[in-house]
Amino acid sequence: MGKIFEEHGICAAGKLLPYSEYCMLSEEKIQKMMTRWGSYFINCAEKILDEPYPLLDATLYMQFARMGNRSNFEGPYFKRRSMVMTFVLAELAEKKGRFTDRIIDGVWHIMEESTWILPAHNATNKNNPGTPLPDAFFTADENDDVKHIDLFSATTGATMAVIWYLTEGILDPQTPVIRRRMLSQLKQRILHPFYTYEHDWWMGVKGNRLNNWTPWIVSNVLTVLALCEDDDALRESAAEKSIAIIDRFTRDYPSDGGCDEGPGYWGAAGASYFDCLELLCDLSGGKIDVFDDVLVGKMCEYIMNFNISGRRFINFADASSVVGIGFRLVGRMGRRLNNPRLAAFAANFPADRNSININTNQVYRFLMDMQEEEQIPQPFVPAEKLWYDGLQVAITRDPASGMFLALKGGCNGESHNHNDVGQFILFDGADPVILDAGVEQYTRKTFSAQRYTLWAMRSAYHNIPEISGAEQKPGREYHAETVAYDPASGALTLELKHAYPAEAKIDSYRRSASLSGSTATVTDSIRLIEAGSVVFHYLTIDEPIIEGNTIRFASGHTAEFDPSLTASVDAVNLEGGKISREWKREYLWRINLAAKENITEAEYTMILRKN
């Protein structure tokens, strides 16, 4: 199930437009885009006109292997690409040659990079930790980076393909060498490995579960294919391979369309899958079209349904609470899918309509976004109750009070997993009462065996108890079961025994949560095999006050807890990192409610109210 193209009996054979007939952007469309956005692009380019391109030293690349730092290399890497694309757009708009030399230098820098693969994704380094630099294009070894495509070699390839496509009249009068070299590098670094090799894990040929890498890479490879491959037989076979790969992506996708990587990754997962669909439809002149598929519709609706209020989203897994979604993309989804609610959500999403993100990570999407007409706000009323049976997420909102509750089951083997089975969050509009911290800046530890030594990944820093001194552990075997959802009330009950290891000594642990009006109720019924401790944890944004068995939140909300529990509060020092910037706080606060004595069986109810 879920292999959408296979189920519809759709393949690429005989359906692609010949390269000689294909046109991604006509001169008329380019002119229209520049008429609308040209002044904006020129203004952006003028701000960086005299700024040098950042260096990408070998020792900067080596920092990931040496000390686990990703950001010091990735920052200038991404900035190079953004700068050169900005200059291209400004020159297309102004047509005076003022930005041409900046384009030449930027393209040349990127062509001279030994690899477009990031240090964290460097296959040579992963297989041989003693080699912190890429063995790129120099050997015939199976770890040679020329045989691998990672997320950002693919995004670089697509960006360079679009620049190659748009700059013939800008660069060729200076020297045709530049665009010839671009084309050669694109075929060597992107098209050749895609045509030839099958062992990259994101292709899914071994039956492994896939994540955002798959549609994100395929959408960018298809962009290179569309613009740079003039062999029609290769175009068709590569499109067919792309369809097979993204069918493997949806094979394991939940039938509810939910993204287990969270809203922060939906833009690279479900949304990139939609990019693939648009590209295949474009490449085939409309002959390849699965926009009416039920799962496609649900994948697109996910981002609307996981919105809390404004720019706040349910941020389970590696996700920020504030997500800047591509509202132009979502509006296009609404029209493509004939889904007026999705179009209305996009039209009402809070964003600056007079600017546009120069997106070099999803450059085809960016080209489409530039062509979007202004969206007219229209009435949109979010759903009050939603149940994602695949993800096991229940969502309830009360329109009158603005209160919002979400509770998840699932397992601890999800993509970008946190140990968070049974996690809930409570918001009042866009303001958090009980929150999910999110994720810190990625380092080497984030995707290593040390992942769950990081506090933000641990169940002890989610709104989940420690039982008999044990936290939850990672792995699909740690999961919720006996899931019972009541569609009338929106209440969800989960059996969480198997979310914990054996040392927790749990015979049964049932958590239920519901929202009625402005009151949320969370009930935990625990039965242990032998007497053990119970400590509940809850994260909140500002320091709360404990008065007896009442918690008073800085927001004015209150929570009443069982008097058999003793309350304390810890400050979680965010050390000025990514989570600190996102919540605009130096600290988060962890409420701890500990049973006064070991228990074998007990039931605890917390009642949270808006006063």
# chains A, B, ... in the order shown; residues from 1 in each chain; ligands from 1
$ residues_around --residues "A:Arg328" --least-positions-apart "3" --cutoff "10 Å" --atoms "only C-alpha atoms" --output "ChimeraX atom specification"
/A:325,331-334,343,346-347,349,353,356,365-366,368-375
$ write_last_selection --atoms "N, CA and C atoms" --output "PDB file, in the first residue's frame"
ATOM      1  N   ILE A 325       6.242  28.243   6.979  1.00  0.00           N
ATOM      2  CA  ILE A 325       5.896  27.404   5.836  1.00  0.00           C
ATOM      3  C   ILE A 325       5.853  28.234   4.556  1.00  0.00           C
ATOM      4  N   GLY A 331      -0.721  27.277  -1.022  1.00  0.00           N
ATOM      5  CA  GLY A 331      -1.817  27.773  -1.842  1.00  0.00           C
ATOM      6  C   GLY A 331      -1.898  27.055  -3.179  1.00  0.00           C
ATOM      7  N   ARG A 332      -0.734  26.775  -3.751  1.00  0.00           N
ATOM      8  CA  ARG A 332      -0.688  26.031  -5.021  1.00  0.00           C
ATOM      9  C   ARG A 332      -1.195  24.603  -4.819  1.00  0.00           C
ATOM     10  N   MET A 333      -0.831  24.009  -3.705  1.00  0.00           N
ATOM     11  CA  MET A 333      -1.370  22.691  -3.378  1.00  0.00           C
ATOM     12  C   MET A 333      -2.901  22.733  -3.359  1.00  0.00           C
ATOM     13  N   GLY A 334      -3.438  23.755  -2.703  1.00  0.00           N
ATOM     14  CA  GLY A 334      -4.883  23.871  -2.618  1.00  0.00           C
ATOM     15  C   GLY A 334      -5.544  23.925  -3.980  1.00  0.00           C
ATOM     16  N   ALA A 343      -6.241  26.067   0.396  1.00  0.00           N
ATOM     17  CA  ALA A 343      -5.958  27.361  -0.224  1.00  0.00           C
ATOM     18  C   ALA A 343      -6.274  28.504   0.732  1.00  0.00           C
ATOM     19  N   ALA A 346      -3.571  28.825   3.433  1.00  0.00           N
ATOM     20  CA  ALA A 346      -2.388  29.490   2.890  1.00  0.00           C
ATOM     21  C   ALA A 346      -2.606  30.981   2.748  1.00  0.00           C
ATOM     22  N   ALA A 347      -3.782  31.376   2.289  1.00  0.00           N
ATOM     23  CA  ALA A 347      -4.068  32.791   2.063  1.00  0.00           C
ATOM     24  C   ALA A 347      -4.106  33.585   3.360  1.00  0.00           C
ATOM     25  N   PHE A 349      -2.241  32.650   6.123  1.00  0.00           N
ATOM     26  CA  PHE A 349      -1.053  32.406   6.931  1.00  0.00           C
ATOM     27  C   PHE A 349      -0.267  33.704   7.107  1.00  0.00           C
ATOM     28  N   ARG A 353       3.977  39.316   2.423  1.00  0.00           N
ATOM     29  CA  ARG A 353       3.642  39.035   1.029  1.00  0.00           C
ATOM     30  C   ARG A 353       4.508  39.829   0.053  1.00  0.00           C
ATOM     31  N   ILE A 356      10.117  37.425  -0.812  1.00  0.00           N
ATOM     32  CA  ILE A 356      10.108  36.027  -1.195  1.00  0.00           C
ATOM     33  C   ILE A 356      11.459  35.424  -0.830  1.00  0.00           C
ATOM     34  N   ARG A 365      10.775  24.746  -6.611  1.00  0.00           N
ATOM     35  CA  ARG A 365       9.662  25.325  -5.849  1.00  0.00           C
ATOM     36  C   ARG A 365       9.740  26.842  -5.849  1.00  0.00           C
ATOM     37  N   PHE A 366      10.955  27.357  -5.708  1.00  0.00           N
ATOM     38  CA  PHE A 366      11.161  28.806  -5.727  1.00  0.00           C
ATOM     39  C   PHE A 366      10.737  29.399  -7.066  1.00  0.00           C
ATOM     40  N   MET A 368       8.505  28.211  -9.061  1.00  0.00           N
ATOM     41  CA  MET A 368       7.045  28.165  -9.092  1.00  0.00           C
ATOM     42  C   MET A 368       6.444  29.246  -8.205  1.00  0.00           C
ATOM     43  N   ASP A 369       7.041  29.451  -7.032  1.00  0.00           N
ATOM     44  CA  ASP A 369       6.534  30.469  -6.107  1.00  0.00           C
ATOM     45  C   ASP A 369       6.593  31.866  -6.704  1.00  0.00           C
ATOM     46  N   MET A 370       7.657  32.131  -7.471  1.00  0.00           N
ATOM     47  CA  MET A 370       7.775  33.457  -8.088  1.00  0.00           C
ATOM     48  C   MET A 370       6.647  33.745  -9.061  1.00  0.00           C
ATOM     49  N   GLN A 371       6.020  32.702  -9.573  1.00  0.00           N
ATOM     50  CA  GLN A 371       4.948  32.879 -10.549  1.00  0.00           C
ATOM     51  C   GLN A 371       3.562  32.927  -9.913  1.00  0.00           C
ATOM     52  N   GLU A 372       3.496  32.714  -8.595  1.00  0.00           N
ATOM     53  CA  GLU A 372       2.205  32.684  -7.917  1.00  0.00           C
ATOM     54  C   GLU A 372       1.544  34.060  -7.908  1.00  0.00           C
ATOM     55  N   GLU A 373       0.268  34.069  -8.216  1.00  0.00           N
ATOM     56  CA  GLU A 373      -0.499  35.298  -8.100  1.00  0.00           C
ATOM     57  C   GLU A 373      -0.747  35.598  -6.624  1.00  0.00           C
ATOM     58  N   GLU A 374      -1.001  36.861  -6.320  1.00  0.00           N
ATOM     59  CA  GLU A 374      -1.288  37.255  -4.942  1.00  0.00           C
ATOM     60  C   GLU A 374      -2.533  36.529  -4.452  1.00  0.00           C
ATOM     61  N   GLN A 375      -2.442  35.955  -3.264  1.00  0.00           N
ATOM     62  CA  GLN A 375      -3.565  35.209  -2.708  1.00  0.00           C
ATOM     63  C   GLN A 375      -4.486  36.138  -1.921  1.00  0.00           C
TER      64      GLN A 375
END
$ residues_around --residues "stretch 484-488 of chain A" --least-positions-apart "4" --cutoff "12 Å" --atoms "only C-alpha atoms" --output "number ranges by chain"
A: 384-389, 392-396, 407-409, 480, 492-495, 510-516
$ select_by_dssp --residues "stretch 316-471 of chain A" --states "helix (DSSP H, G or I)" --output "ChimeraX atom specification"
/A:327-336,340-348,363-370,444-447,451-453,455-457,459-461
$ write_last_selection --atoms "C-alpha atoms" --output "PDB file, in the first residue's frame"
ATOM      1  CA  PHE A 327       2.400  29.740   1.981  1.00  0.00           C
ATOM      2  CA  ARG A 328       2.651  30.150  -1.801  1.00  0.00           C
ATOM      3  CA  LEU A 329       3.428  26.449  -2.114  1.00  0.00           C
ATOM      4  CA  VAL A 330       0.497  25.524   0.141  1.00  0.00           C
ATOM      5  CA  GLY A 331      -1.817  27.773  -1.842  1.00  0.00           C
ATOM      6  CA  ARG A 332      -0.688  26.031  -5.021  1.00  0.00           C
ATOM      7  CA  MET A 333      -1.370  22.691  -3.378  1.00  0.00           C
ATOM      8  CA  GLY A 334      -4.883  23.871  -2.618  1.00  0.00           C
ATOM      9  CA  ARG A 335      -5.511  24.735  -6.255  1.00  0.00           C
ATOM     10  CA  ARG A 336      -3.810  21.634  -7.693  1.00  0.00           C
ATOM     11  CA  PRO A 340     -10.408  25.249  -0.962  1.00  0.00           C
ATOM     12  CA  ARG A 341      -9.672  24.810   2.783  1.00  0.00           C
ATOM     13  CA  LEU A 342      -5.968  24.329   2.078  1.00  0.00           C
ATOM     14  CA  ALA A 343      -5.958  27.361  -0.224  1.00  0.00           C
ATOM     15  CA  ALA A 344      -7.745  29.414   2.451  1.00  0.00           C
ATOM     16  CA  PHE A 345      -5.241  28.339   5.133  1.00  0.00           C
ATOM     17  CA  ALA A 346      -2.388  29.490   2.890  1.00  0.00           C
ATOM     18  CA  ALA A 347      -4.068  32.791   2.063  1.00  0.00           C
ATOM     19  CA  ASN A 348      -4.476  33.564   5.773  1.00  0.00           C
ATOM     20  CA  VAL A 363      14.926  25.850  -6.323  1.00  0.00           C
ATOM     21  CA  TYR A 364      12.168  24.458  -8.580  1.00  0.00           C
ATOM     22  CA  ARG A 365       9.662  25.325  -5.849  1.00  0.00           C
ATOM     23  CA  PHE A 366      11.161  28.806  -5.727  1.00  0.00           C
ATOM     24  CA  LEU A 367      10.662  29.236  -9.480  1.00  0.00           C
ATOM     25  CA  MET A 368       7.045  28.165  -9.092  1.00  0.00           C
ATOM     26  CA  ASP A 369       6.534  30.469  -6.107  1.00  0.00           C
ATOM     27  CA  MET A 370       7.775  33.457  -8.088  1.00  0.00           C
ATOM     28  CA  ARG A 444      27.945  15.030  15.112  1.00  0.00           C
ATOM     29  CA  LYS A 445      26.239  13.700  18.274  1.00  0.00           C
ATOM     30  CA  THR A 446      22.753  14.394  16.916  1.00  0.00           C
ATOM     31  CA  PHE A 447      22.859  11.501  14.453  1.00  0.00           C
ATOM     32  CA  ARG A 451      21.891  11.049  20.274  1.00  0.00           C
ATOM     33  CA  TYR A 452      19.982  10.198  23.442  1.00  0.00           C
ATOM     34  CA  THR A 453      22.604  11.693  25.708  1.00  0.00           C
ATOM     35  CA  TRP A 455      18.774  16.431  26.866  1.00  0.00           C
ATOM     36  CA  ALA A 456      16.239  17.539  24.251  1.00  0.00           C
ATOM     37  CA  MET A 457      15.956  13.963  22.919  1.00  0.00           C
ATOM     38  CA  SER A 459      11.966  11.457  27.709  1.00  0.00           C
ATOM     39  CA  ALA A 460      12.995  13.091  31.003  1.00  0.00           C
ATOM     40  CA  TYR A 461      12.770  16.458  29.223  1.00  0.00           C
TER      41      TYR A 461
END
$ closest_residue --among "A:Ala154, A:Gly270, A:Leu186, A:Tyr604" --to "A:Ile217" --atoms "only C-alpha atoms"
A:Ala154
$ residues_around --residues "A:Ala470" --least-positions-apart "2" --cutoff "8 Å" --atoms "only C-alpha atoms" --output "JSON, numbers by chain"
{"A": [466, 467, 468, 472, 500, 501, 503, 504]}
$ residues_around --residues "A:Asn592" --least-positions-apart "2" --cutoff "6 Å" --atoms "only C-alpha atoms" --output "NGL selection string"
:A and (536-537 or 567-569)
$ write_last_selection --atoms "N, CA, C and O atoms" --output "short mmCIF file (atom, residue, chain, number, x, y, z; two decimals), in the first residue's frame"
data_model
loop_
_atom_site.label_atom_id
_atom_site.label_comp_id
_atom_site.auth_asym_id
_atom_site.auth_seq_id
_atom_site.Cartn_x
_atom_site.Cartn_y
_atom_site.Cartn_z
N PHE A 536 6.78 12.68 37.45
CA PHE A 536 6.26 13.28 36.22
C PHE A 536 7.04 14.55 35.91
O PHE A 536 7.41 15.31 36.81
N HIS A 537 7.29 14.78 34.61
CA HIS A 537 7.98 15.99 34.17
C HIS A 537 7.08 16.76 33.20
O HIS A 537 6.39 16.16 32.36
N ALA A 567 5.96 18.63 44.50
CA ALA A 567 6.35 19.43 43.34
C ALA A 567 7.68 20.14 43.57
O ALA A 567 7.98 20.60 44.67
N SER A 568 8.47 20.18 42.50
CA SER A 568 9.68 21.00 42.47
C SER A 568 9.84 21.53 41.06
O SER A 568 9.18 21.08 40.13
N VAL A 569 10.72 22.52 40.90
CA VAL A 569 10.92 23.15 39.60
C VAL A 569 12.41 23.26 39.32
O VAL A 569 13.18 23.70 40.19
#
$ closest_residue --among "A:Arg248, A:Lys298, A:Arg180, A:Lys3" --to "A:Val205" --atoms "only C-alpha atoms"
A:Arg248
$ residues_around --residues "stretch 95-101 of chain A" --least-positions-apart "3" --cutoff "9 Å" --atoms "only C-alpha atoms" --output "short mmCIF file (atom, residue, chain, number, x, y, z; two decimals) with N, CA and C atoms, in the first residue's frame"
data_model
loop_
_atom_site.label_atom_id
_atom_site.label_comp_id
_atom_site.auth_asym_id
_atom_site.auth_seq_id
_atom_site.Cartn_x
_atom_site.Cartn_y
_atom_site.Cartn_z
N ALA A 45 20.58 42.22 -3.82
CA ALA A 45 21.93 42.09 -4.38
C ALA A 45 22.80 43.29 -4.04
N LEU A 49 26.70 43.50 -2.60
CA LEU A 49 27.46 43.69 -3.83
C LEU A 49 28.97 43.67 -3.60
N PHE A 87 22.56 37.32 -7.13
CA PHE A 87 23.15 38.11 -8.21
C PHE A 87 22.57 37.75 -9.58
N VAL A 88 22.28 36.47 -9.80
CA VAL A 88 21.66 36.04 -11.06
C VAL A 88 20.30 36.70 -11.23
N ALA A 90 19.14 39.39 -9.76
CA ALA A 90 19.28 40.85 -9.91
C ALA A 90 19.71 41.22 -11.32
N GLU A 91 20.63 40.43 -11.90
CA GLU A 91 21.08 40.74 -13.26
C GLU A 91 19.98 40.46 -14.28
N LEU A 92 19.21 39.42 -14.08
CA LEU A 92 18.08 39.17 -14.98
C LEU A 92 17.09 40.32 -14.95
N ILE A 104 29.97 35.28 -12.10
CA ILE A 104 31.11 34.49 -12.59
C ILE A 104 31.93 33.96 -11.42
N ASP A 105 32.26 34.85 -10.48
CA ASP A 105 33.08 34.43 -9.35
C ASP A 105 32.37 33.39 -8.50
N GLY A 106 31.07 33.60 -8.25
CA GLY A 106 30.32 32.67 -7.41
C GLY A 106 30.21 31.30 -8.03
N ILE A 170 23.84 35.96 -20.24
CA ILE A 170 24.66 36.74 -19.30
C ILE A 170 26.11 36.26 -19.31
N LEU A 171 26.31 34.94 -19.25
CA LEU A 171 27.66 34.40 -19.10
C LEU A 171 28.35 34.09 -20.43
N GLN A 174 30.57 36.60 -22.05
CA GLN A 174 31.85 36.79 -21.35
C GLN A 174 32.82 35.68 -21.75
#
$ closest_residue --among "A:Val294, A:Ile579, A:Val535, A:Leu234" --to "A:Ser321" --atoms "only C-alpha atoms"
A:Ile579
$ closest_residue --among "A:Ala400, A:Val322, A:Ile376, A:Leu225" --to "A:Ile308" --atoms "only C-alpha atoms"
A:Val322
$ residues_around --residues "stretch 598-603 of chain A" --least-positions-apart "3" --cutoff "8 Å" --atoms "only C-alpha atoms" --output "PyMOL selection string"
chain A and resi 523-534+595
$ closest_residue --among "A:His199, A:His416, A:Arg552, A:Arg209" --to "A:Tyr253" --atoms "only C-alpha atoms"
A:Arg209
$ closest_residue --among "A:Leu608, A:Ile506, A:Ile314, A:Ile434" --to "A:Thr519" --atoms "only C-alpha atoms"
A:Leu608
$ atom_distance --atom1 "atom CA of A:Gly68" --atom2 "atom CA of A:Pro132"
10.9 Å
$ atom_distance --atom1 "atom CA of A:Thr540" --atom2 "atom CA of A:Asn315"
14.3 Å
$ residues_around --residues "A:Phe249" --least-positions-apart "2" --cutoff "10 Å" --atoms "only C-alpha atoms" --output "JSON, numbers by chain"
{"A": [2, 3, 4, 202, 203, 204, 208, 209, 210, 211, 212, 213, 214, 215, 243, 244, 245, 246, 247, 251, 252, 253, 269, 270, 273]}
$ write_last_selection --atoms "C-alpha atoms" --output "mmCIF file, in the first residue's frame"
data_model
loop_
_atom_site.group_PDB
_atom_site.id
_atom_site.type_symbol
_atom_site.label_atom_id
_atom_site.label_comp_id
_atom_site.auth_asym_id
_atom_site.auth_seq_id
_atom_site.Cartn_x
_atom_site.Cartn_y
_atom_site.Cartn_z
ATOM 1 C CA GLY A 2 1.011 3.607 -0.550
ATOM 2 C CA LYS A 3 2.989 3.072 -3.769
ATOM 3 C CA ILE A 4 0.978 5.757 -5.513
ATOM 4 C CA TRP A 202 17.730 7.102 0.318
ATOM 5 C CA MET A 203 16.900 5.183 -2.879
ATOM 6 C CA GLY A 204 15.338 2.439 -0.765
ATOM 7 C CA ASN A 208 14.657 0.221 4.269
ATOM 8 C CA ARG A 209 12.352 2.915 5.617
ATOM 9 C CA LEU A 210 12.860 6.305 3.997
ATOM 10 C CA ASN A 211 12.556 9.894 5.130
ATOM 11 C CA ASN A 212 12.748 13.436 3.751
ATOM 12 C CA TRP A 213 16.039 12.721 1.960
ATOM 13 C CA THR A 214 14.229 10.708 -0.705
ATOM 14 C CA PRO A 215 11.744 13.217 -2.182
ATOM 15 C CA ILE A 243 9.009 7.319 -9.859
ATOM 16 C CA ALA A 244 10.188 3.970 -8.455
ATOM 17 C CA ILE A 245 12.184 5.704 -5.722
ATOM 18 C CA ILE A 246 9.407 8.041 -4.560
ATOM 19 C CA ASP A 247 6.975 5.110 -4.608
ATOM 20 C CA ARG A 251 5.217 2.770 0.650
ATOM 21 C CA ASP A 252 5.733 3.221 4.385
ATOM 22 C CA TYR A 253 4.019 6.602 4.685
ATOM 23 C CA ALA A 269 9.313 15.546 3.061
ATOM 24 C CA GLY A 270 5.653 15.816 2.018
ATOM 25 C CA TYR A 273 7.143 14.903 -2.690
#
$ atom_distance --atom1 "atom CA of A:Thr223" --atom2 "atom CA of A:Gly157"
8.5 Å
